[in-house]
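As structure tokens, the structure follows; a few thoughts come after it.
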There are 2 protein chains.
Amino acid sequence: MDRSGGRARHSGDLIASLSGRSPARNLHSDVLWELGLAIVSGTYEQGAILPSDSELLERFGVSRTVLREALKTLAAKGLIEARARIGTRVLPRNRWNLFDADVLAWFFELGPDVSFLRSLAEVRIGIEIEAAALAAERCGAEQAAELIGWVDRMAEAETPADFARHDLEFHRAVAEASGNPFMASISALVEMALTAAFTISSPVSDPEALAVTVGVHRRIAEAIRDGDPAEARLAMRDAISQGFDRAAGRMEAKDL
Amino acid sequence: MDRSGGRARHSGDLIASLSGRSPARNLHSDVLWELGLAIVSGTYEQGAILPSDSELLERFGVSRTVLREALKTLAAKGLIEARARIGTRVLPRNRWNLFDADVLAWFFELGPDVSFLRSLAEVRIGIEIEAAALAAERCGAEQAAELIGWVDRMAEAETPADFARHDLEFHRAVAEASGNPFMASISALVEMALTAAFTISSPVSDPEALAVTVGVHRRIAEAIRDGDPAEARLAMRDAISQGFDRAAGRMEAKDL
DNA sequence: ACAGGCGCAATAGTATGACAATAACACCAA
DNA sequence: TTGGTGTTATTGTCATACTATTGCGCCTGT
């Protein structure tokens with residue numbers, strides 16, 4: 001029961017540090033991440049039965065309390081379902097809550113492939129285009145000014161991390177300006193996508209790419225300020241697909 | 001400690017029954033729903049500290065295990081965060097996972113107002129429009145045929161519940177045909193919206209409204225079959241906003 | 001009077017072992 | 001074959017004790 005060793009922080013910390021969130025590091029969270037990763041990675045496939053309580057207890061060397069709380073957390077995210085006499089079953093993927101920050105993080109731990117990033121970009125396009133259009137119709141002058149402010153800070157960012165942070169704040173502000181609480185709820189998703197883009201290739205290092213990225217974001221902010229939903233939609237679509245293209249291009253280049 | 005009385009099933013069962021899901025009814029789930037509702041309804045507002053473990057224990061008359069598992073579940077959905085010496089704090093709304101089936105259900109328990117339904121319709125438009133467009137570009141003949149099949153079944157539905165069920169299956173099939181796992185993940189959200197629409201006013205009772213609803217769904221299916229993303233987008237937007245308009249109109253009429 | 005460290009105490013986290021409820025499966029009887 | 005019935009493995013619940021964390025106040029030293 002060596003509990004002192006092997007407590008290395010999981011590599012999702014890069015993501016956590018970007019968002020400023022510091023997830024409490026306790027036993028429960030260790031077990032949660034290990035099981036969550038195992039499920040998402042397919043070690044236990046959909047419909048399969050997890051090892052029973054007693055077996056997992058032995059494997060992790062924790063108390064039943066800790067194990068069960070970890071399992072409850074996984075159940076809350078839609079990954080598993082426990083039934084008496086049957087065991088704990090891994091639910092089909094379409095029941096998983098992919099908009100959950102942890103679940104997304106586990107996907108990223110496996111090394112996000114291009115198709116996953118594409119899916120991410122597609123949902124973002126769907127939601128954020130609509131958010132931008134709504135913001136253009138509804139938001140006030142002060143919110144519009146805030147948007148411009150974040151774009152300015154993006155332009156002046158000196159490190160890739162700063163750039164990503166301001167980029168994220170911009171998208172969060174757009175979601176908030178839309179006045180729709182659901183839009184704000186996907187910030188975890190945006191965060192992942194931006195973290196991936198920032199990890200793979202940040203435009204900060206390339207002045208030309210930086211100008212393009214800042215430019216398209218400025219288009220969004222100005223369209224919203226001017227109350228032009230159609231232009232806001234177009235610009236937002238460009239911003240997201242451009243970011244995806246850069247990351248995807250870089251990934252494929254690396255593979256060859 | 002009267003645990004035998006008052007175990008009436010929560011009214012979210014209507015929703016559960018539509019989806020065929022039968023949530024395990026246990027103590028943990030009772031506590032979860034009561035606390036979840038209290039938080040969503042604002043009994044405990046954002047940033048507030050929940051009563052301490054011992055106080056809640058007394059209130060619910062359950063064991064610490066049950067209470068803590070319920071709290072862990074709420075934490076997993078982003079509603080609360082526990083910190084030693086501080087207590088358990090209700091997180092700000094933008095940290096809540098609004099795409100979670102339970103959280104949505106709690107919102108509905110409070111009697112969904114028009115603005116909530118509007119927000120729901122807006123996200124649906126964002127995501128499902130994109131899903132329809134992707135389906136038009138990617139899906140095969142057999143999937144297209146399945147879509148048509150669901151439309152046919154909608155047209156022949158005899159009860160409002162059947163109609164809603166087939167409607168839901170149609171939207172699920174579109175999401176699946178998009179090939180994007182995130183699209184399928186919002187079925188809980190679609191389910192809520194359709195349940196609301198079906199509860200408030202089903203087109204089944206009105207032959208003319210039925211024809212319109214079926215017609216617009218057929219437009220979606222055919223556009224996807226014909227590989228026409230632009231038309232699929234338009235039709236999907238019509239379908240969702242039309243459903244919202246009918247429900248909203250009915251609600252306002254009832255209020256007067 | 002003020003700054004800084006240091007310990008108290010309140011709260012959540014963890015451990016353990018026992019018992020209750022559930023339900024798939026095998027068995028038995030009609 | 002069928003239908004009910006008991007067995008048993010698995011999760012669900014309980015009670016209690018102990019540990020770890022950390023905000024807050026005290027207390028000391030300057």
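Each chain in the structure tokens gets a letter, A, B, ..., in the order shown, and its residues are numbered from 1; ligands are numbered from 1 in order too.
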
| request: Name the residues of region 36-155 of chain A that fall into alpha helix (DSSP H) according to DSSP on the backbone, using the chain letters and numbers of this document, as a ChimeraX atom specification. | output: /A:36-41,53-60,64-76,101-109,114-138,141-155

Pull the closest atom pair for each residue of chain A that gets at most 9 Å from chain B, along with the distance in Å to one decimal, counting only C-alpha atoms, ordering rows by chain and then ascending residue number, as JSON lines.
{"residue": "A:Ala24", "atom": "CA", "partner": "B:Arg83", "partner_atom": "CA", "distance": 8.6}
{"residue": "A:Thr65", "atom": "CA", "partner": "B:Thr65", "partner_atom": "CA", "distance": 7.5}
{"residue": "A:Arg68", "atom": "CA", "partner": "B:Glu69", "partner_atom": "CA", "distance": 7.9}
{"residue": "A:Glu69", "atom": "CA", "partner": "B:Glu69", "partner_atom": "CA", "distance": 5.8}
{"residue": "A:Ala70", "atom": "CA", "partner": "B:Lys72", "partner_atom": "CA", "distance": 8.3}
{"residue": "A:Lys72", "atom": "CA", "partner": "B:Thr73", "partner_atom": "CA", "distance": 6.2}
{"residue": "A:Thr73", "atom": "CA", "partner": "B:Thr73", "partner_atom": "CA", "distance": 5.4}
{"residue": "A:Leu74", "atom": "CA", "partner": "B:Ala76", "partner_atom": "CA", "distance": 7.9}
{"residue": "A:Ala75", "atom": "CA", "partner": "B:Thr73", "partner_atom": "CA", "distance": 8.0}
{"residue": "A:Ala76", "atom": "CA", "partner": "B:Thr73", "partner_atom": "CA", "distance": 5.4}
{"residue": "A:Lys77", "atom": "CA", "partner": "B:Ala76", "partner_atom": "CA", "distance": 6.8}
{"residue": "A:Gly78", "atom": "CA", "partner": "B:Asp100", "partner_atom": "CA", "distance": 8.8}
{"residue": "A:Arg83", "atom": "CA", "partner": "B:Ala24", "partner_atom": "CA", "distance": 8.4}
{"residue": "A:Arg93", "atom": "CA", "partner": "B:Pro181", "partner_atom": "CA", "distance": 8.0}
{"residue": "A:Asn94", "atom": "CA", "partner": "B:Ser185", "partner_atom": "CA", "distance": 5.5}
{"residue": "A:Arg95", "atom": "CA", "partner": "B:Ser185", "partner_atom": "CA", "distance": 6.6}
{"residue": "A:Trp96", "atom": "CA", "partner": "B:Ser185", "partner_atom": "CA", "distance": 6.8}
{"residue": "A:Asn97", "atom": "CA", "partner": "B:Ser185", "partner_atom": "CA", "distance": 6.2}
{"residue": "A:Leu98", "atom": "CA", "partner": "B:Phe182", "partner_atom": "CA", "distance": 6.3}
{"residue": "A:Phe99", "atom": "CA", "partner": "B:Phe99", "partner_atom": "CA", "distance": 6.9}
{"residue": "A:Asp100", "atom": "CA", "partner": "B:Asn97", "partner_atom": "CA", "distance": 6.9}
{"residue": "A:Ala101", "atom": "CA", "partner": "B:Asn97", "partner_atom": "CA", "distance": 8.9}
{"residue": "A:Asp102", "atom": "CA", "partner": "B:Ala76", "partner_atom": "CA", "distance": 8.8}
{"residue": "A:Phe116", "atom": "CA", "partner": "B:Asn180", "partner_atom": "CA", "distance": 8.7}
{"residue": "A:Arg118", "atom": "CA", "partner": "B:Asn180", "partner_atom": "CA", "distance": 8.8}
{"residue": "A:Ser119", "atom": "CA", "partner": "B:Asn180", "partner_atom": "CA", "distance": 5.6}
{"residue": "A:Leu120", "atom": "CA", "partner": "B:Phe182", "partner_atom": "CA", "distance": 7.5}
{"residue": "A:Glu122", "atom": "CA", "partner": "B:Glu130", "partner_atom": "CA", "distance": 7.4}
{"residue": "A:Val123", "atom": "CA", "partner": "B:Ile127", "partner_atom": "CA", "distance": 6.3}
{"residue": "A:Arg124", "atom": "CA", "partner": "B:Ile127", "partner_atom": "CA", "distance": 8.6}
{"residue": "A:Ile125", "atom": "CA", "partner": "B:Glu130", "partner_atom": "CA", "distance": 7.9}
{"residue": "A:Gly126", "atom": "CA", "partner": "B:Gly126", "partner_atom": "CA", "distance": 4.5}
{"residue": "A:Ile127", "atom": "CA", "partner": "B:Gly126", "partner_atom": "CA", "distance": 4.8}
{"residue": "A:Glu128", "atom": "CA", "partner": "B:Gly126", "partner_atom": "CA", "distance": 7.8}
{"residue": "A:Ile129", "atom": "CA", "partner": "B:Gly126", "partner_atom": "CA", "distance": 7.3}
{"residue": "A:Glu130", "atom": "CA", "partner": "B:Gly126", "partner_atom": "CA", "distance": 5.5}
{"residue": "A:Ala131", "atom": "CA", "partner": "B:Gly126", "partner_atom": "CA", "distance": 8.3}
{"residue": "A:Leu134", "atom": "CA", "partner": "B:Glu122", "partner_atom": "CA", "distance": 8.9}
{"residue": "A:Gly179", "atom": "CA", "partner": "B:Ser119", "partner_atom": "CA", "distance": 8.6}
{"residue": "A:Asn180", "atom": "CA", "partner": "B:Ser119", "partner_atom": "CA", "distance": 5.6}
{"residue": "A:Pro181", "atom": "CA", "partner": "B:Asn94", "partner_atom": "CA", "distance": 7.2}
{"residue": "A:Phe182", "atom": "CA", "partner": "B:Leu98", "partner_atom": "CA", "distance": 6.3}
{"residue": "A:Met183", "atom": "CA", "partner": "B:Val123", "partner_atom": "CA", "distance": 7.2}
{"residue": "A:Ala184", "atom": "CA", "partner": "B:Asn94", "partner_atom": "CA", "distance": 5.9}
{"residue": "A:Ser185", "atom": "CA", "partner": "B:Asn94", "partner_atom": "CA", "distance": 5.6}
{"residue": "A:Ile186", "atom": "CA", "partner": "B:Asn97", "partner_atom": "CA", "distance": 8.2}
{"residue": "A:Ser187", "atom": "CA", "partner": "B:Asn94", "partner_atom": "CA", "distance": 8.4}
{"residue": "A:Ala188", "atom": "CA", "partner": "B:Arg95", "partner_atom": "CA", "distance": 8.8}

Which parts of region 18-175 of chain A does DSSP call strand (DSSP E or B) when run on the backbone here, written out as a PDB file with N, CA, C and O atoms, in the first residue's frame?
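Result written to part.pdb:
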ATOM      1  N   ILE A  49     -18.172  -5.019 -18.608  1.00  0.00           N
ATOM      2  CA  ILE A  49     -18.342  -4.897 -17.164  1.00  0.00           C
ATOM      3  C   ILE A  49     -16.984  -4.623 -16.522  1.00  0.00           C
ATOM      4  O   ILE A  49     -16.029  -5.352 -16.776  1.00  0.00           O
ATOM      5  N   ILE A  80     -20.512   5.287 -16.969  1.00  0.00           N
ATOM      6  CA  ILE A  80     -20.824   3.956 -16.463  1.00  0.00           C
ATOM      7  C   ILE A  80     -22.193   3.929 -15.791  1.00  0.00           C
ATOM      8  O   ILE A  80     -22.796   4.976 -15.543  1.00  0.00           O
ATOM      9  N   GLU A  81     -22.642   2.753 -15.506  1.00  0.00           N
ATOM     10  CA  GLU A  81     -23.914   2.561 -14.817  1.00  0.00           C
ATOM     11  C   GLU A  81     -23.777   1.310 -13.978  1.00  0.00           C
ATOM     12  O   GLU A  81     -23.380   0.266 -14.480  1.00  0.00           O
ATOM     13  N   ALA A  82     -24.085   1.424 -12.696  1.00  0.00           N
ATOM     14  CA  ALA A  82     -23.914   0.274 -11.806  1.00  0.00           C
ATOM     15  C   ALA A  82     -25.253  -0.378 -11.564  1.00  0.00           C
ATOM     16  O   ALA A  82     -26.257   0.298 -11.336  1.00  0.00           O
ATOM     17  N   ARG A  83     -25.295  -1.679 -11.615  1.00  0.00           N
ATOM     18  CA  ARG A  83     -26.528  -2.402 -11.325  1.00  0.00           C
ATOM     19  C   ARG A  83     -26.217  -3.592 -10.433  1.00  0.00           C
ATOM     20  O   ARG A  83     -25.247  -4.327 -10.656  1.00  0.00           O
ATOM     21  N   GLY A  87     -23.073  -5.786 -12.014  1.00  0.00           N
ATOM     22  CA  GLY A  87     -21.765  -5.169 -11.989  1.00  0.00           C
ATOM     23  C   GLY A  87     -21.851  -3.757 -12.527  1.00  0.00           C
ATOM     24  O   GLY A  87     -22.946  -3.213 -12.681  1.00  0.00           O
ATOM     25  N   THR A  88     -20.731  -3.188 -12.811  1.00  0.00           N
ATOM     26  CA  THR A  88     -20.699  -1.816 -13.297  1.00  0.00           C
ATOM     27  C   THR A  88     -20.358  -1.832 -14.777  1.00  0.00           C
ATOM     28  O   THR A  88     -19.282  -2.267 -15.172  1.00  0.00           O
ATOM     29  N   ARG A  89     -21.294  -1.370 -15.580  1.00  0.00           N
ATOM     30  CA  ARG A  89     -21.161  -1.504 -17.020  1.00  0.00           C
ATOM     31  C   ARG A  89     -20.711  -0.187 -17.652  1.00  0.00           C
ATOM     32  O   ARG A  89     -21.151   0.888 -17.238  1.00  0.00           O
ATOM     33  N   VAL A  90     -19.860  -0.259 -18.644  1.00  0.00           N
ATOM     34  CA  VAL A  90     -19.469   0.920 -19.416  1.00  0.00           C
ATOM     35  C   VAL A  90     -20.593   1.222 -20.400  1.00  0.00           C
ATOM     36  O   VAL A  90     -20.973   0.364 -21.193  1.00  0.00           O
TER      37      VAL A  90
END

| task | Excluding Ala144 (chain B) and any residue of its chain fewer than 4 positions from it, enumerate the residues within 7 Å of it, using only C-alpha atoms (C1' of nucleotides), and give them as a list of chain:residue names. | result | B:Cys139, B:Gly140, B:Ile148, B:Ala221, B:Ile224, B:Arg225

| said: Residues of chain B were defined as contacting chain D if any atom lay at most 9 Å from it, counting only C-alpha atoms (C1' of nucleotides); please report them as number ranges by chain. | reply: B: 26-27, 62-66, 83-86

Output file for the residues above (C-alpha atoms, as a PDB file, in the first residue's frame):
ATOM      1  CA  ASN B  26     -32.334   4.680  -4.627  1.00  0.00           C
ATOM      2  CA  LEU B  27     -31.610   6.848  -1.627  1.00  0.00           C
ATOM      3  CA  VAL B  62     -29.444   9.136   5.456  1.00  0.00           C
ATOM      4  CA  SER B  63     -25.972   7.876   6.087  1.00  0.00           C
ATOM      5  CA  ARG B  64     -22.872   9.896   5.421  1.00  0.00           C
ATOM      6  CA  THR B  65     -22.017   7.575   2.538  1.00  0.00           C
ATOM      7  CA  VAL B  66     -25.218   8.361   0.700  1.00  0.00           C
ATOM      8  CA  ARG B  83     -13.141  22.625   0.199  1.00  0.00           C
ATOM      9  CA  ALA B  84     -11.829  21.731   3.620  1.00  0.00           C
ATOM     10  CA  ARG B  85     -12.540  24.205   6.384  1.00  0.00           C
ATOM     11  CA  ILE B  86     -14.716  26.269   3.988  1.00  0.00           C
TER      12      ILE B  86
END

| task | One decimal, Å: what's the distance from CA of Glu231 (chain A) over to CA of Thr213 (chain A), could you say? | result | 16.3 Å

Report as a Markdown table: every residue of chain C with an atom at most 10 Å from chain A, its closest pair of atoms, and their distance in Å to one decimal, counting only C-alpha atoms (C1' of nucleotides), with rows sorted by chain and ascending residue number.
| residue | atom | partner | partner_atom | distance |
| --- | --- | --- | --- | --- |
| C:DG13 | C1' | A:Asn26 | CA | 8.2 |
| C:DT14 | C1' | A:Ser63 | CA | 7.0 |
| C:DA15 | C1' | A:Ser63 | CA | 5.9 |
| C:DT16 | C1' | A:Ser63 | CA | 8.0 |
| C:DA21 | C1' | A:Ala84 | CA | 8.8 |
| C:DT22 | C1' | A:Ala84 | CA | 5.6 |
| C:DA23 | C1' | A:Arg85 | CA | 5.9 |
| C:DA24 | C1' | A:Arg85 | CA | 6.8 |

| remark: Expressed in Å, the length from CA of Val151 (chain B) to CA of Arg138 (chain B) is 19.8 Å

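Straight-line separation from CA of Phe170 (chain A) to CA of Asp238 (chain A): 15.1 Å.
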
| Contacts of Pro203 (chain B) at 12 Å (only C-alpha atoms (C1' of nucleotides); same-chain gap of 2+ positions) as a ChimeraX atom specification | /B:154-155,157-164,167,194,197-201,205-214,242-243,246-247,250

Residues from last step as file, N, CA, C and O atoms, as a tab-separated table (two decimals), in the first residue's frame:
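Ended up saving to selection37.tsv:
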chain	number	residue	atom	x	y	z
B	154	MET	N	-43.53	9.46	-38.01
B	154	MET	CA	-44.09	10.66	-37.39
B	154	MET	C	-45.46	10.96	-37.99
B	154	MET	O	-46.41	11.31	-37.28
B	155	ALA	N	-45.53	10.83	-39.29
B	155	ALA	CA	-46.77	11.16	-39.98
B	155	ALA	C	-47.91	10.24	-39.54
B	155	ALA	O	-49.07	10.65	-39.50
B	157	ALA	N	-48.11	8.67	-36.59
B	157	ALA	CA	-48.25	8.56	-35.14
B	157	ALA	C	-49.67	8.87	-34.70
B	157	ALA	O	-50.31	9.79	-35.23
B	158	GLU	N	-50.16	8.10	-33.75
B	158	GLU	CA	-51.55	8.30	-33.31
B	158	GLU	C	-51.65	9.03	-31.98
B	158	GLU	O	-52.64	9.67	-31.70
B	159	THR	N	-50.61	8.90	-31.15
B	159	THR	CA	-50.64	9.61	-29.87
B	159	THR	C	-49.50	10.64	-29.84
B	159	THR	O	-48.49	10.46	-30.52
B	160	PRO	N	-49.69	11.71	-29.08
B	160	PRO	CA	-48.63	12.70	-28.94
B	160	PRO	C	-47.31	12.09	-28.47
B	160	PRO	O	-46.24	12.48	-28.93
B	161	ALA	N	-47.39	11.12	-27.57
B	161	ALA	CA	-46.16	10.51	-27.06
B	161	ALA	C	-45.41	9.77	-28.16
B	161	ALA	O	-44.19	9.89	-28.27
B	162	ASP	N	-46.16	9.03	-29.00
B	162	ASP	CA	-45.51	8.34	-30.11
B	162	ASP	C	-44.85	9.33	-31.05
B	162	ASP	O	-43.73	9.14	-31.51
B	163	PHE	N	-45.58	10.41	-31.32
B	163	PHE	CA	-45.05	11.42	-32.21
B	163	PHE	C	-43.73	11.96	-31.68
B	163	PHE	O	-42.72	12.02	-32.39
B	164	ALA	N	-43.72	12.32	-30.40
B	164	ALA	CA	-42.51	12.87	-29.79
B	164	ALA	C	-41.37	11.87	-29.84
B	164	ALA	O	-40.22	12.22	-30.10
B	167	ASP	N	-40.08	11.73	-33.35
B	167	ASP	CA	-39.39	13.00	-33.59
B	167	ASP	C	-37.98	12.93	-33.00
B	167	ASP	O	-36.98	13.24	-33.66
B	194	LEU	N	-38.06	18.56	-26.84
B	194	LEU	CA	-39.22	17.89	-27.44
B	194	LEU	C	-40.25	17.53	-26.40
B	194	LEU	O	-41.45	17.62	-26.63
B	197	ALA	N	-42.15	20.63	-25.70
B	197	ALA	CA	-43.07	20.93	-26.79
B	197	ALA	C	-44.27	19.98	-26.75
B	197	ALA	O	-45.42	20.40	-26.89
B	198	PHE	N	-43.97	18.73	-26.51
B	198	PHE	CA	-44.99	17.70	-26.50
B	198	PHE	C	-45.94	17.88	-25.32
B	198	PHE	O	-47.15	17.66	-25.42
B	199	THR	N	-45.38	18.35	-24.19
B	199	THR	CA	-46.21	18.57	-23.01
B	199	THR	C	-47.13	19.77	-23.20
B	199	THR	O	-48.29	19.75	-22.83
B	200	ILE	N	-46.57	20.80	-23.79
B	200	ILE	CA	-47.30	22.05	-23.92
B	200	ILE	C	-48.33	21.99	-25.04
B	200	ILE	O	-49.48	22.35	-24.88
B	201	SER	N	-47.86	21.53	-26.18
B	201	SER	CA	-48.81	21.41	-27.30
B	201	SER	C	-48.26	20.50	-28.37
B	201	SER	O	-47.25	20.79	-28.97
B	205	SER	N	-52.79	16.73	-32.34
B	205	SER	CA	-54.20	17.08	-32.18
B	205	SER	C	-54.70	17.98	-33.31
B	205	SER	O	-55.90	18.07	-33.56
B	206	ASP	N	-53.78	18.65	-33.97
B	206	ASP	CA	-54.16	19.60	-35.02
B	206	ASP	C	-53.61	19.13	-36.36
B	206	ASP	O	-52.42	19.25	-36.63
B	207	PRO	N	-54.47	18.57	-37.22
B	207	PRO	CA	-54.02	17.96	-38.49
B	207	PRO	C	-53.18	18.91	-39.34
B	207	PRO	O	-52.21	18.50	-39.97
B	208	GLU	N	-53.55	20.17	-39.33
B	208	GLU	CA	-52.82	21.12	-40.16
B	208	GLU	C	-51.39	21.31	-39.64
B	208	GLU	O	-50.42	21.26	-40.40
B	209	ALA	N	-51.27	21.52	-38.30
B	209	ALA	CA	-49.95	21.68	-37.70
B	209	ALA	C	-49.12	20.42	-37.90
B	209	ALA	O	-47.91	20.50	-38.15
B	210	LEU	N	-49.78	19.27	-37.84
B	210	LEU	CA	-49.08	18.02	-38.04
B	210	LEU	C	-48.45	17.97	-39.43
B	210	LEU	O	-47.28	17.63	-39.59
B	211	ALA	N	-49.22	18.35	-40.42
B	211	ALA	CA	-48.73	18.33	-41.80
B	211	ALA	C	-47.52	19.24	-41.95
B	211	ALA	O	-46.54	18.88	-42.59
B	212	VAL	N	-47.61	20.41	-41.34
B	212	VAL	CA	-46.50	21.35	-41.43
B	212	VAL	C	-45.24	20.76	-40.80
B	212	VAL	O	-44.15	20.77	-41.38
B	213	THR	N	-45.40	20.22	-39.60
B	213	THR	CA	-44.25	19.67	-38.87
B	213	THR	C	-43.63	18.51	-39.63
B	213	THR	O	-42.41	18.44	-39.81
B	214	VAL	N	-44.47	17.61	-40.07
B	214	VAL	CA	-43.95	16.47	-40.82
B	214	VAL	C	-43.27	16.95	-42.10
B	214	VAL	O	-42.20	16.46	-42.47
B	242	GLN	N	-39.81	26.53	-35.66
B	242	GLN	CA	-41.25	26.33	-35.75
B	242	GLN	C	-41.79	25.62	-34.51
B	242	GLN	O	-42.81	26.02	-33.95
B	243	GLY	N	-41.05	24.60	-34.06
B	243	GLY	CA	-41.46	23.91	-32.84
B	243	GLY	C	-41.47	24.84	-31.64
B	243	GLY	O	-42.39	24.82	-30.83
B	246	ARG	N	-44.43	27.34	-31.77
B	246	ARG	CA	-45.71	26.77	-31.39
B	246	ARG	C	-45.83	26.67	-29.87
B	246	ARG	O	-46.82	27.11	-29.27
B	247	ALA	N	-44.76	26.15	-29.24
B	247	ALA	CA	-44.79	26.00	-27.78
B	247	ALA	C	-44.87	27.36	-27.10
B	247	ALA	O	-45.66	27.56	-26.17
B	250	ARG	N	-48.23	28.99	-27.42
B	250	ARG	CA	-49.19	28.33	-26.56
B	250	ARG	C	-49.03	28.76	-25.11
B	250	ARG	O	-50.01	28.97	-24.39
